[in-house]
Amino acid sequence: MLKFIFGNPEAKKERAERRAREAALEDSRENLFKAADESVTRAFACAAELKFGVPIATKLDAAVWDYGNAIRLYTQLEVVEALTEQETGTMSKLQTHKAGVKSDPARFKATWTKDKVELLEKLETRAEVSQRLAELKEVIAQKKALVNFKIIGDRLLRSGRENIMAKKVAEPRRVIPIMREAYENARFTRTEEAVAMLQGPMTAIAVVRLQAYWRGVTGRRKASRLKWSKDKGRLEASSLFLALDTDHGGTLSREELSDGLSLVGYSEEEIAAVLGRLDADGDGEITEEEFIEGFREALAVSKDAGVGD
């Protein structure tokens, strides 16, 4: 009789313990959701950090880690899988039902059960989580592509600088347009500064070599041994032309060539003589072909004069 009035103490204890377990489980789920959501937020923030327009590789690594952590936590919560077509249809119907409960309670509320509420909540959570993860995955992939382009540009810049240290200009001349394209694809904001790191030293090397070709006996002896049939001399002349073409206009102006020659001590009269020889058509602009032909003529003159003897 007392048990009937006051209830079974054991049953009460069991119910209390069950409620405590359910509350702990709910707290645990909330904590897991919070941790997963924080990982996603951090990942987006890390992927968004830029240096000179390019994602920061270490930050991107952190974003990848947080992305993986979020997937692990959401998997524990059983909300990581994207909805199937059937589940999407079910969610749409439940959302319509829910809207009907608000607009016409008398008609829809009676059939709006707790099971339907819980099912809709779970489907909407899965849809939201899978969409956010898909967006994050796409962002990380895009940022990785930018970093990879930057890595390519950096490698080409290092290669170009190593060649310049060895006084070679043909290879830097070849890599500059490829490097520029890689940096531009990476959205690197200091692309032209990187180009200048190669272009400037190339110009200095070029004007020194111009002096050797047009004035130096040693340079003319070396020139006389170049075999134009193998395009060695043409490549050298073309490399010098592009190094001196500081505005990348495709022609050398009097100013560009004068600036280069004046760096190595040419007088105005000597510069005028060189310009007169190179500028075949007298239009004040020296094309690459005119420049190359000028070198070919210089070689012929040096051979005729017996410089290489």
# chains A, B, ... in the order shown; residues from 1 in each chain; ligands from 1
>>> residues_around(residues="segment 117-119 of chain A", least_positions_apart="3", cutoff="9 Å", atoms="only C-alpha atoms", output="PyMOL selection string")
chain A and resi 91+94+98+112-114+122-124
>>> select_by_dssp(residues="segment 66-193 of chain A", states="alpha helix (DSSP H)", output="number ranges by chain")
A: 66-76, 85-103, 105-108, 114-165, 170-185, 191-193
>>> closest_residue(among="A:Ile56, A:Ala106, A:Ala35, A:Ala127", to="Glu87 of chain A", atoms="only C-alpha atoms")
A:Ala127
>>> residues_around(residues="segment 154-157 of chain A", least_positions_apart="5", cutoff="12 Å", atoms="only C-alpha atoms", output="JSON, numbers by chain")
{"A": [147, 148, 149, 162, 163, 164, 171, 172, 173, 174, 175, 176, 177, 178, 179, 180, 181, 182, 183, 186, 188, 190, 191, 192, 193, 194, 195, 196, 197, 198, 199]}
>>> atom_distance(atom1="atom CA of Leu77 of chain A", atom2="atom CA of Thr41 of chain A")
17.8 Å
>>> select_by_dssp(residues="segment 14-174 of chain A", states="strand (DSSP E)", output="ChimeraX atom specification")
/A:50-51,54-55
